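To be precise, the following lines are coords.txt, and they hold compact mmCIF, N, CA and C atoms.
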```txt
# COMPACT_ATOMS: atom_id res chain seq x y z
N MET R 141 15.80 9.63 -9.09
CA MET R 141 16.98 10.12 -8.44
C MET R 141 16.62 11.42 -7.74
N ALA R 142 17.13 11.60 -6.57
CA ALA R 142 16.75 12.74 -5.75
C ALA R 142 17.37 14.05 -6.21
N THR R 143 18.48 14.01 -6.91
CA THR R 143 19.12 15.25 -7.31
C THR R 143 18.83 15.54 -8.77
N ALA R 144 18.41 16.75 -9.03
CA ALA R 144 18.06 17.13 -10.40
C ALA R 144 19.29 17.27 -11.29
N ASN R 145 20.47 17.51 -10.70
CA ASN R 145 21.67 17.73 -11.50
C ASN R 145 22.40 16.43 -11.86
N GLY R 146 21.92 15.29 -11.39
CA GLY R 146 22.54 14.02 -11.72
C GLY R 146 23.80 13.71 -10.94
N ILE R 147 24.03 14.41 -9.83
CA ILE R 147 25.19 14.19 -8.98
C ILE R 147 24.69 13.70 -7.62
N LEU R 148 25.28 12.63 -7.13
CA LEU R 148 24.91 12.09 -5.82
C LEU R 148 26.20 11.70 -5.10
N ASN R 149 26.34 12.14 -3.87
CA ASN R 149 27.56 11.90 -3.09
C ASN R 149 28.80 12.40 -3.82
N GLY R 150 28.63 13.48 -4.59
CA GLY R 150 29.75 14.07 -5.31
C GLY R 150 30.15 13.34 -6.57
N LEU R 151 29.41 12.31 -6.95
CA LEU R 151 29.73 11.53 -8.15
C LEU R 151 28.57 11.59 -9.14
N LYS R 152 28.90 11.48 -10.42
CA LYS R 152 27.88 11.46 -11.46
C LYS R 152 27.10 10.15 -11.40
N VAL R 153 25.80 10.25 -11.56
CA VAL R 153 24.94 9.07 -11.57
C VAL R 153 24.95 8.47 -12.97
N GLU R 154 25.34 7.20 -13.06
CA GLU R 154 25.37 6.50 -14.35
C GLU R 154 23.99 5.94 -14.68
N SER R 155 23.35 5.31 -13.71
CA SER R 155 22.01 4.76 -13.91
C SER R 155 21.35 4.54 -12.56
N PHE R 156 20.05 4.37 -12.60
CA PHE R 156 19.31 4.10 -11.38
C PHE R 156 18.03 3.36 -11.72
N ASP R 157 17.51 2.65 -10.74
CA ASP R 157 16.25 1.93 -10.89
C ASP R 157 15.72 1.70 -9.49
N PHE R 158 14.47 1.29 -9.40
CA PHE R 158 13.92 0.98 -8.08
C PHE R 158 14.65 -0.23 -7.51
N ALA R 159 14.92 -0.20 -6.23
CA ALA R 159 15.66 -1.27 -5.56
C ALA R 159 14.74 -2.45 -5.29
N GLU R 160 15.30 -3.65 -5.41
CA GLU R 160 14.53 -4.86 -5.13
C GLU R 160 14.41 -5.06 -3.62
N THR R 161 13.26 -5.60 -3.20
CA THR R 161 13.03 -5.89 -1.78
C THR R 161 13.63 -7.25 -1.45
N PRO R 162 13.81 -7.55 -0.16
CA PRO R 162 14.31 -8.88 0.22
C PRO R 162 13.38 -10.01 -0.23
N ARG R 163 12.12 -9.72 -0.44
CA ARG R 163 11.16 -10.75 -0.88
C ARG R 163 11.20 -11.03 -2.37
N SER R 164 11.99 -10.29 -3.09
CA SER R 164 12.09 -10.46 -4.54
C SER R 164 12.76 -11.79 -4.87
N THR R 165 12.23 -12.46 -5.87
CA THR R 165 12.82 -13.70 -6.36
C THR R 165 12.98 -13.57 -7.87
N PRO R 166 13.79 -14.45 -8.49
CA PRO R 166 13.92 -14.37 -9.94
C PRO R 166 12.59 -14.55 -10.67
N GLU R 167 11.68 -15.32 -10.07
CA GLU R 167 10.38 -15.56 -10.70
C GLU R 167 9.39 -14.44 -10.40
N ASP R 168 9.55 -13.79 -9.26
CA ASP R 168 8.61 -12.77 -8.82
C ASP R 168 9.38 -11.56 -8.29
N ARG R 169 9.72 -10.64 -9.19
CA ARG R 169 10.49 -9.46 -8.81
C ARG R 169 9.60 -8.50 -8.02
N ARG R 170 10.12 -8.03 -6.88
CA ARG R 170 9.41 -7.05 -6.06
C ARG R 170 10.35 -5.89 -5.79
N TYR R 171 9.79 -4.67 -5.85
CA TYR R 171 10.61 -3.48 -5.72
C TYR R 171 10.06 -2.54 -4.65
N TYR R 172 10.99 -1.83 -4.00
CA TYR R 172 10.58 -0.76 -3.10
C TYR R 172 10.00 0.36 -3.96
N LYS R 173 8.98 1.03 -3.45
CA LYS R 173 8.41 2.16 -4.17
C LYS R 173 9.17 3.45 -3.87
N GLU R 174 9.94 3.46 -2.77
CA GLU R 174 10.54 4.70 -2.32
C GLU R 174 12.06 4.63 -2.20
N VAL R 175 12.67 3.58 -2.74
CA VAL R 175 14.12 3.42 -2.65
C VAL R 175 14.69 3.13 -4.03
N LEU R 176 15.72 3.89 -4.40
CA LEU R 176 16.38 3.69 -5.69
C LEU R 176 17.74 3.02 -5.51
N GLU R 177 18.08 2.15 -6.44
CA GLU R 177 19.42 1.59 -6.51
C GLU R 177 20.17 2.44 -7.54
N VAL R 178 21.26 3.07 -7.11
CA VAL R 178 21.95 4.05 -7.96
C VAL R 178 23.37 3.58 -8.25
N LEU R 179 23.72 3.51 -9.54
CA LEU R 179 25.08 3.18 -9.97
C LEU R 179 25.80 4.50 -10.21
N LEU R 180 26.91 4.70 -9.49
CA LEU R 180 27.68 5.94 -9.61
C LEU R 180 28.84 5.76 -10.58
N GLU R 181 29.43 6.86 -11.00
CA GLU R 181 30.47 6.83 -12.03
C GLU R 181 31.70 6.03 -11.63
N ASP R 182 31.96 5.86 -10.35
CA ASP R 182 33.12 5.07 -9.92
C ASP R 182 32.81 3.57 -9.82
N GLY R 183 31.59 3.19 -10.25
CA GLY R 183 31.20 1.78 -10.24
C GLY R 183 30.54 1.34 -8.94
N SER R 184 30.48 2.22 -7.95
CA SER R 184 29.85 1.84 -6.69
C SER R 184 28.33 1.95 -6.80
N VAL R 185 27.66 1.20 -5.95
CA VAL R 185 26.20 1.21 -5.91
C VAL R 185 25.78 1.69 -4.54
N VAL R 186 24.89 2.68 -4.52
CA VAL R 186 24.30 3.15 -3.27
C VAL R 186 22.78 3.11 -3.43
N TYR R 187 22.11 3.18 -2.30
CA TYR R 187 20.66 3.19 -2.31
C TYR R 187 20.21 4.56 -1.82
N ASN R 188 19.27 5.15 -2.55
CA ASN R 188 18.90 6.54 -2.37
C ASN R 188 17.40 6.67 -2.15
N CYS R 189 17.03 7.61 -1.29
CA CYS R 189 15.62 7.96 -1.08
C CYS R 189 15.08 8.54 -2.39
N VAL R 190 13.88 8.17 -2.75
CA VAL R 190 13.31 8.58 -4.03
C VAL R 190 12.73 10.00 -3.99
N TRP R 191 12.57 10.57 -2.81
CA TRP R 191 11.95 11.89 -2.70
C TRP R 191 12.81 12.97 -3.33
N PRO R 192 12.15 13.95 -3.97
CA PRO R 192 12.89 15.04 -4.62
C PRO R 192 13.76 15.80 -3.62
N GLU R 193 14.95 16.13 -4.07
CA GLU R 193 15.91 16.91 -3.29
C GLU R 193 16.39 16.23 -2.01
N CYS R 194 16.10 14.96 -1.82
CA CYS R 194 16.58 14.23 -0.65
C CYS R 194 17.78 13.39 -1.09
N GLU R 195 18.93 13.64 -0.51
CA GLU R 195 20.14 12.92 -0.88
C GLU R 195 20.52 11.86 0.15
N PHE R 196 19.53 11.39 0.90
CA PHE R 196 19.77 10.36 1.91
C PHE R 196 20.17 9.07 1.21
N THR R 197 21.35 8.54 1.52
CA THR R 197 21.82 7.30 0.91
C THR R 197 22.33 6.35 1.99
N ARG R 198 22.32 5.08 1.65
CA ARG R 198 22.87 4.03 2.50
C ARG R 198 23.45 2.95 1.58
N SER R 199 24.18 2.03 2.19
CA SER R 199 24.80 0.96 1.40
C SER R 199 23.82 -0.18 1.12
N SER R 200 22.64 -0.15 1.75
CA SER R 200 21.62 -1.17 1.48
C SER R 200 20.26 -0.51 1.39
N ALA R 201 19.37 -1.12 0.62
CA ALA R 201 18.02 -0.58 0.46
C ALA R 201 17.26 -0.60 1.78
N SER R 202 17.51 -1.64 2.57
CA SER R 202 16.81 -1.74 3.85
C SER R 202 17.25 -0.64 4.81
N GLY R 203 18.38 -0.01 4.56
CA GLY R 203 18.83 1.10 5.38
C GLY R 203 18.15 2.42 5.00
N VAL R 204 17.66 2.51 3.77
CA VAL R 204 17.01 3.73 3.30
C VAL R 204 15.51 3.69 3.58
N TRP R 205 14.92 2.51 3.44
CA TRP R 205 13.46 2.41 3.53
C TRP R 205 12.88 3.02 4.80
N PRO R 206 13.42 2.77 6.01
CA PRO R 206 12.83 3.40 7.20
C PRO R 206 12.89 4.94 7.15
N HIS R 207 13.92 5.47 6.50
CA HIS R 207 14.07 6.92 6.39
C HIS R 207 12.90 7.55 5.63
N THR R 208 12.32 6.84 4.68
CA THR R 208 11.27 7.43 3.83
C THR R 208 10.05 7.84 4.63
N LYS R 209 9.88 7.31 5.83
CA LYS R 209 8.74 7.69 6.66
C LYS R 209 8.77 9.16 7.06
N VAL R 210 9.96 9.79 7.09
CA VAL R 210 10.03 11.20 7.45
C VAL R 210 9.34 12.07 6.40
N HIS R 211 9.19 11.55 5.21
CA HIS R 211 8.55 12.32 4.14
C HIS R 211 7.04 12.16 4.12
N LYS R 212 6.49 11.25 4.87
CA LYS R 212 5.05 10.98 4.82
C LYS R 212 4.23 12.21 5.20
N THR R 213 4.78 13.08 6.03
CA THR R 213 4.04 14.28 6.43
C THR R 213 4.20 15.41 5.42
N GLN R 214 5.11 15.25 4.48
CA GLN R 214 5.32 16.28 3.46
C GLN R 214 4.37 16.02 2.30
N THR R 215 3.29 16.72 2.29
CA THR R 215 2.31 16.51 1.21
C THR R 215 2.09 17.81 0.47
N GLU R 216 1.77 17.68 -0.76
CA GLU R 216 1.44 18.83 -1.58
C GLU R 216 -0.03 18.73 -1.93
N ALA R 217 -0.66 19.87 -2.16
CA ALA R 217 -2.07 19.86 -2.53
C ALA R 217 -2.21 19.16 -3.88
N PRO R 218 -2.99 18.09 -3.91
CA PRO R 218 -3.15 17.38 -5.18
C PRO R 218 -4.00 18.18 -6.16
N SER R 219 -3.66 18.10 -7.41
CA SER R 219 -4.46 18.74 -8.44
C SER R 219 -5.09 17.64 -9.28
N LYS R 220 -6.07 18.02 -10.08
CA LYS R 220 -6.72 17.03 -10.93
C LYS R 220 -5.69 16.49 -11.92
N ALA R 221 -5.55 15.19 -11.95
CA ALA R 221 -4.59 14.57 -12.85
C ALA R 221 -5.14 14.57 -14.27
N PRO R 222 -4.32 14.94 -15.24
CA PRO R 222 -4.79 14.90 -16.62
C PRO R 222 -4.90 13.46 -17.11
N GLU R 223 -5.70 13.29 -18.11
CA GLU R 223 -5.80 11.96 -18.73
C GLU R 223 -4.43 11.62 -19.31
N SER R 224 -4.09 10.34 -19.31
CA SER R 224 -2.77 9.94 -19.79
C SER R 224 -2.52 10.37 -21.23
N ALA R 225 -3.57 10.47 -22.03
CA ALA R 225 -3.42 10.88 -23.41
C ALA R 225 -3.06 12.37 -23.49
N GLU R 226 -3.35 13.16 -22.44
CA GLU R 226 -3.09 14.59 -22.43
C GLU R 226 -1.66 14.91 -22.01
N ILE R 227 -0.94 13.96 -21.44
CA ILE R 227 0.39 14.23 -20.91
C ILE R 227 1.40 14.22 -22.05
N ASP R 228 2.05 15.36 -22.24
CA ASP R 228 3.09 15.48 -23.27
C ASP R 228 4.42 15.71 -22.58
N VAL R 229 5.30 14.72 -22.64
CA VAL R 229 6.60 14.83 -21.97
C VAL R 229 7.74 15.05 -22.96
N THR R 230 7.42 15.29 -24.22
CA THR R 230 8.46 15.41 -25.23
C THR R 230 9.39 16.59 -25.00
N GLY R 231 8.89 17.66 -24.38
CA GLY R 231 9.73 18.84 -24.17
C GLY R 231 10.43 18.87 -22.82
N LEU R 232 10.31 17.80 -22.04
CA LEU R 232 10.90 17.79 -20.70
C LEU R 232 12.33 17.27 -20.71
N THR R 233 13.11 17.77 -19.78
CA THR R 233 14.47 17.28 -19.61
C THR R 233 14.43 15.97 -18.81
N ILE R 234 15.55 15.26 -18.78
CA ILE R 234 15.64 14.02 -18.00
C ILE R 234 15.35 14.31 -16.53
N ALA R 235 15.88 15.40 -16.02
CA ALA R 235 15.67 15.76 -14.61
C ALA R 235 14.19 15.98 -14.32
N GLU R 236 13.50 16.65 -15.26
CA GLU R 236 12.06 16.88 -15.07
C GLU R 236 11.28 15.58 -15.14
N LEU R 237 11.67 14.69 -16.04
CA LEU R 237 11.00 13.38 -16.12
C LEU R 237 11.21 12.59 -14.83
N ILE R 238 12.43 12.64 -14.32
CA ILE R 238 12.74 11.94 -13.07
C ILE R 238 11.90 12.51 -11.94
N GLU R 239 11.82 13.83 -11.87
CA GLU R 239 11.03 14.46 -10.81
C GLU R 239 9.57 14.05 -10.91
N ARG R 240 9.04 14.01 -12.12
CA ARG R 240 7.65 13.58 -12.29
C ARG R 240 7.46 12.12 -11.86
N ALA R 241 8.41 11.27 -12.20
CA ALA R 241 8.34 9.87 -11.78
C ALA R 241 8.38 9.76 -10.26
N GLN R 242 9.21 10.58 -9.64
CA GLN R 242 9.29 10.57 -8.17
C GLN R 242 7.97 11.01 -7.55
N HIS R 243 7.37 12.05 -8.12
CA HIS R 243 6.08 12.51 -7.62
C HIS R 243 5.02 11.43 -7.80
N ALA R 244 5.02 10.78 -8.96
CA ALA R 244 4.05 9.72 -9.21
C ALA R 244 4.21 8.59 -8.20
N THR R 245 5.46 8.25 -7.91
CA THR R 245 5.72 7.20 -6.92
C THR R 245 5.21 7.60 -5.55
N ARG R 246 5.48 8.84 -5.18
CA ARG R 246 5.02 9.32 -3.87
C ARG R 246 3.50 9.33 -3.81
N TYR R 247 2.86 9.83 -4.86
CA TYR R 247 1.40 9.89 -4.86
C TYR R 247 0.80 8.48 -4.81
N ARG R 248 1.42 7.55 -5.51
CA ARG R 248 0.93 6.17 -5.48
C ARG R 248 1.04 5.60 -4.08
N SER R 249 2.14 5.87 -3.41
CA SER R 249 2.32 5.40 -2.03
C SER R 249 1.29 6.02 -1.10
N GLU R 250 1.05 7.32 -1.25
CA GLU R 250 0.06 8.00 -0.43
C GLU R 250 -1.33 7.45 -0.71
N ARG R 251 -1.64 7.19 -1.98
CA ARG R 251 -2.94 6.63 -2.33
C ARG R 251 -3.11 5.25 -1.72
N ASP R 252 -2.07 4.44 -1.81
CA ASP R 252 -2.15 3.10 -1.23
C ASP R 252 -2.37 3.15 0.27
N ALA R 253 -1.69 4.08 0.95
CA ALA R 253 -1.86 4.23 2.39
C ALA R 253 -3.28 4.69 2.71
N ALA R 254 -3.80 5.63 1.92
CA ALA R 254 -5.17 6.12 2.15
C ALA R 254 -6.19 5.01 1.91
N LEU R 255 -5.98 4.21 0.88
CA LEU R 255 -6.90 3.10 0.61
C LEU R 255 -6.86 2.06 1.73
N LYS R 256 -5.68 1.83 2.26
CA LYS R 256 -5.54 0.89 3.37
C LYS R 256 -6.29 1.42 4.59
N GLU R 257 -6.12 2.71 4.88
CA GLU R 257 -6.82 3.33 6.01
C GLU R 257 -8.33 3.31 5.79
N LEU R 258 -8.77 3.59 4.58
CA LEU R 258 -10.19 3.55 4.25
C LEU R 258 -10.77 2.16 4.48
N SER R 259 -10.03 1.15 4.06
CA SER R 259 -10.47 -0.23 4.26
C SER R 259 -10.60 -0.55 5.75
N LYS R 260 -9.63 -0.12 6.53
CA LYS R 260 -9.65 -0.35 7.98
C LYS R 260 -10.85 0.34 8.62
N VAL R 261 -11.07 1.61 8.26
CA VAL R 261 -12.19 2.36 8.82
C VAL R 261 -13.52 1.77 8.38
N SER R 262 -13.60 1.30 7.15
CA SER R 262 -14.84 0.67 6.67
C SER R 262 -15.16 -0.60 7.46
N ARG R 263 -14.13 -1.39 7.76
CA ARG R 263 -14.35 -2.60 8.57
C ARG R 263 -14.83 -2.23 9.97
N GLU R 264 -14.22 -1.19 10.55
CA GLU R 264 -14.64 -0.75 11.88
C GLU R 264 -16.08 -0.24 11.85
N LEU R 265 -16.44 0.48 10.80
CA LEU R 265 -17.80 0.99 10.66
C LEU R 265 -18.81 -0.16 10.60
N GLU R 266 -18.48 -1.18 9.83
CA GLU R 266 -19.37 -2.33 9.72
C GLU R 266 -19.56 -3.03 11.07
N LYS R 267 -18.52 -3.02 11.90
CA LYS R 267 -18.64 -3.61 13.24
C LYS R 267 -19.49 -2.73 14.15
N LEU R 268 -19.39 -1.40 13.98
CA LEU R 268 -20.09 -0.48 14.87
C LEU R 268 -21.56 -0.26 14.50
N LYS R 269 -21.93 -0.46 13.26
CA LYS R 269 -23.31 -0.24 12.83
C LYS R 269 -24.31 -1.04 13.66
N PRO R 270 -24.12 -2.36 13.84
CA PRO R 270 -25.10 -3.12 14.64
C PRO R 270 -25.18 -2.61 16.09
N ARG R 271 -24.04 -2.22 16.64
CA ARG R 271 -24.04 -1.70 18.02
C ARG R 271 -24.83 -0.39 18.09
N ALA R 272 -24.66 0.48 17.10
CA ALA R 272 -25.38 1.75 17.08
C ALA R 272 -26.88 1.52 16.94
N LYS R 273 -27.28 0.59 16.09
CA LYS R 273 -28.71 0.29 15.92
C LYS R 273 -29.29 -0.26 17.22
N LYS R 274 -28.52 -1.12 17.87
CA LYS R 274 -28.97 -1.69 19.14
C LYS R 274 -29.12 -0.60 20.20
N ALA R 275 -28.16 0.33 20.24
CA ALA R 275 -28.22 1.44 21.20
C ALA R 275 -29.41 2.35 20.90
N GLU R 276 -29.67 2.62 19.63
CA GLU R 276 -30.83 3.44 19.25
C GLU R 276 -32.13 2.78 19.70
N GLN R 277 -32.20 1.47 19.52
CA GLN R 277 -33.40 0.73 19.93
C GLN R 277 -33.57 0.79 21.45
N ALA R 278 -32.46 0.64 22.20
CA ALA R 278 -32.53 0.71 23.66
C ALA R 278 -32.96 2.11 24.10
N LEU R 279 -32.45 3.15 23.45
CA LEU R 279 -32.82 4.52 23.77
C LEU R 279 -34.30 4.76 23.50
N LYS R 280 -34.79 4.22 22.39
CA LYS R 280 -36.22 4.34 22.04
C LYS R 280 -37.08 3.67 23.10
N THR R 281 -36.65 2.50 23.57
CA THR R 281 -37.38 1.78 24.61
C THR R 281 -37.42 2.59 25.90
N ILE R 282 -36.28 3.19 26.27
CA ILE R 282 -36.21 4.01 27.49
C ILE R 282 -37.13 5.24 27.35
N ARG R 283 -37.12 5.91 26.20
CA ARG R 283 -37.99 7.07 25.98
C ARG R 283 -39.46 6.67 26.10
N ASN R 284 -39.79 5.53 25.49
CA ASN R 284 -41.19 5.07 25.57
C ASN R 284 -41.59 4.78 27.01
N ALA R 285 -40.67 4.21 27.78
CA ALA R 285 -40.97 3.91 29.18
C ALA R 285 -41.20 5.19 29.97
N PHE R 286 -40.38 6.23 29.74
CA PHE R 286 -40.57 7.51 30.43
C PHE R 286 -41.86 8.19 29.99
N THR R 287 -42.19 8.09 28.71
CA THR R 287 -43.42 8.69 28.20
C THR R 287 -44.63 8.02 28.84
N SER R 288 -44.59 6.69 28.97
CA SER R 288 -45.70 5.94 29.57
C SER R 288 -45.86 6.27 31.05
N ALA R 289 -44.75 6.48 31.75
CA ALA R 289 -44.78 6.75 33.19
C ALA R 289 -45.23 8.17 33.47
N ALA R 290 -45.05 9.09 32.56
CA ALA R 290 -45.37 10.50 32.81
C ALA R 290 -46.80 10.83 32.61
```

As a first step, turn the structure in this file into structure tokens.
Amino acid sequence: MATANGILNGLKVESFDFAETPRSTPEDRRYYKEVLEVLLEDGSVVYNCVWPECEFTRSSASGVWPHTKVHKTQTEAPSKAPESAEIDVTGLTIAELIERAQHATRYRSERDAALKELSKVSRELEKLKPRAKKAEQALKTIRNAFTSAA
């Protein structure tokens, strides 16, 4: 939930969970990583951006998802993550736990995007390697020809 005080659109948040994507089926549940489905105290359901302190809401998850791209440029300097056995959350409030979950979700999304970009660049590199070797060989041939002529 984006608000640390548990209030969204002026109403108390009763519960929240990640919103299901349109591709979700009863056999294969799929969830947005950056959109929450929020049940408010009046019984209404809204969809909320998962980013901390962002109260962007819409009546459908597909209305919130495009908004999350505005946060992609908001990055924090990553620190070394502790081993899972080192993490002690017993003294944290619900709001702090929620904030940590939001950060974890954001970091996972950023990692996935970086891995995707790395994969793309690696494929491009593999395509360019043979061309570079061929160009180096052609350059070597040209140098040898100039050396022989001089």

So how many Å separate CA of Asp252 (chain R) and CA of Lys173 (chain R), to one decimal?
->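 Computed distance, CA of Asp252 (chain R) to CA of Lys173 (chain R), equals 11.0 Å.
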
Distance atom N of Glu264 (chain R)-atom C of Tyr172 (chain R), one decimal place?
->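 Between atom N of Glu264 (chain R) and atom C of Tyr172 (chain R) the gap is 28.3 Å.
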
What does the distance from CA of Arg246 (chain R) to atom N of Glu174 (chain R) come to in Å, to one decimal?
->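 Between CA of Arg246 (chain R) and atom N of Glu174 (chain R) the gap works out to 7.7 Å.
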
Mind listing the helix (DSSP H, G or I) residues of chain R, per DSSP on the backbone, as a PyMOL selection string?
-> chain R and resi 201-211+224-226+234-289

Using only the atoms of region 226-237 of chain R listed in the file, plus 5 Å on each side, state the axis-aligned box centre and edge lengths in Å rounded to one decimal, as lines of an AutoDock Vina configuration file.
```
center_x = 6.3
center_y = 15.7
center_z = -19.8
size_x = 29.2
size_y = 16.3
size_z = 20.9
```

With distances taken over only N, CA and C atoms, which of R:Thr165, R:Ala272, R:Ile282, R:Gln242 is nearest to Trp191 (chain R)?
-> R:Gln242

Quick one: of R:Glu193, R:Thr287, R:Ser202, R:Thr230, who's nearest to Arg163 (chain R), counting only C-alpha atoms?
-> R:Ser202

Rank R:Arg169, R:His211, R:Lys274, R:Leu279 by their smallest atom-to-atom distance to Tyr247 (chain R), using only C-alpha atoms, and report the top residue only.
-> R:His211

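Closest approach to Leu176 (chain R) among R:Leu258, R:Cys189, R:Ala253, R:Leu151 is made by R:Cys189 (distances from all atoms listed in the file).
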
All strand (DSSP E) positions in chain R, as an NGL selection string = :R and (147-148 or 151-160 or 171-180 or 185-189 or 197-198)

Find the residue from R:Thr233, R:Ser259, R:Ser184, R:Thr281 that sits nearest to Asn149 (chain R); use only C-alpha atoms when measuring.
-> R:Ser184

Save region 193-207 of chain R of the structure in the block above to a file, with N, CA and C atoms included, as an mmCIF file, in the first residue's frame.
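The resulting selection31.cif:
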```
data_model
loop_
_atom_site.group_PDB
_atom_site.id
_atom_site.type_symbol
_atom_site.label_atom_id
_atom_site.label_comp_id
_atom_site.auth_asym_id
_atom_site.auth_seq_id
_atom_site.Cartn_x
_atom_site.Cartn_y
_atom_site.Cartn_z
ATOM 1 N N GLU R 193 4.494 6.181 -1.044
ATOM 2 C CA GLU R 193 3.972 7.546 -1.050
ATOM 3 C C GLU R 193 3.254 7.941 -2.337
ATOM 4 N N CYS R 194 2.955 7.002 -3.207
ATOM 5 C CA CYS R 194 2.200 7.306 -4.424
ATOM 6 C C CYS R 194 0.751 6.870 -4.199
ATOM 7 N N GLU R 195 -0.168 7.801 -4.269
ATOM 8 C CA GLU R 195 -1.571 7.502 -4.026
ATOM 9 C C GLU R 195 -2.372 7.443 -5.326
ATOM 10 N N PHE R 196 -1.691 7.154 -6.424
ATOM 11 C CA PHE R 196 -2.360 7.058 -7.722
ATOM 12 C C PHE R 196 -3.288 5.848 -7.703
ATOM 13 N N THR R 197 -4.581 6.070 -7.942
ATOM 14 C CA THR R 197 -5.551 4.979 -7.955
ATOM 15 C C THR R 197 -6.418 5.071 -9.204
ATOM 16 N N ARG R 198 -6.972 3.934 -9.568
ATOM 17 C CA ARG R 198 -7.924 3.841 -10.670
ATOM 18 C C ARG R 198 -8.924 2.735 -10.315
ATOM 19 N N SER R 199 -9.989 2.669 -11.105
ATOM 20 C CA SER R 199 -11.017 1.661 -10.854
ATOM 21 C C SER R 199 -10.639 0.298 -11.438
ATOM 22 N N SER R 200 -9.568 0.249 -12.238
ATOM 23 C CA SER R 200 -9.104 -1.032 -12.787
ATOM 24 C C SER R 200 -7.588 -1.097 -12.708
ATOM 25 N N ALA R 201 -7.058 -2.308 -12.601
ATOM 26 C CA ALA R 201 -5.611 -2.491 -12.528
ATOM 27 C C ALA R 201 -4.934 -2.038 -13.814
ATOM 28 N N SER R 202 -5.613 -2.268 -14.937
ATOM 29 C CA SER R 202 -5.023 -1.874 -16.217
ATOM 30 C C SER R 202 -4.933 -0.358 -16.344
ATOM 31 N N GLY R 203 -5.668 0.379 -15.538
ATOM 32 C CA GLY R 203 -5.574 1.831 -15.531
ATOM 33 C C GLY R 203 -4.391 2.338 -14.716
ATOM 34 N N VAL R 204 -3.917 1.533 -13.778
ATOM 35 C CA VAL R 204 -2.796 1.929 -12.932
ATOM 36 C C VAL R 204 -1.467 1.508 -13.548
ATOM 37 N N TRP R 205 -1.455 0.349 -14.178
ATOM 38 C CA TRP R 205 -0.192 -0.214 -14.663
ATOM 39 C C TRP R 205 0.607 0.750 -15.543
ATOM 40 N N PRO R 206 0.019 1.443 -16.533
ATOM 41 C CA PRO R 206 0.829 2.365 -17.339
ATOM 42 C C PRO R 206 1.451 3.492 -16.500
ATOM 43 N N HIS R 207 0.759 3.897 -15.446
ATOM 44 C CA HIS R 207 1.266 4.965 -14.573
ATOM 45 C C HIS R 207 2.592 4.573 -13.915
#
```
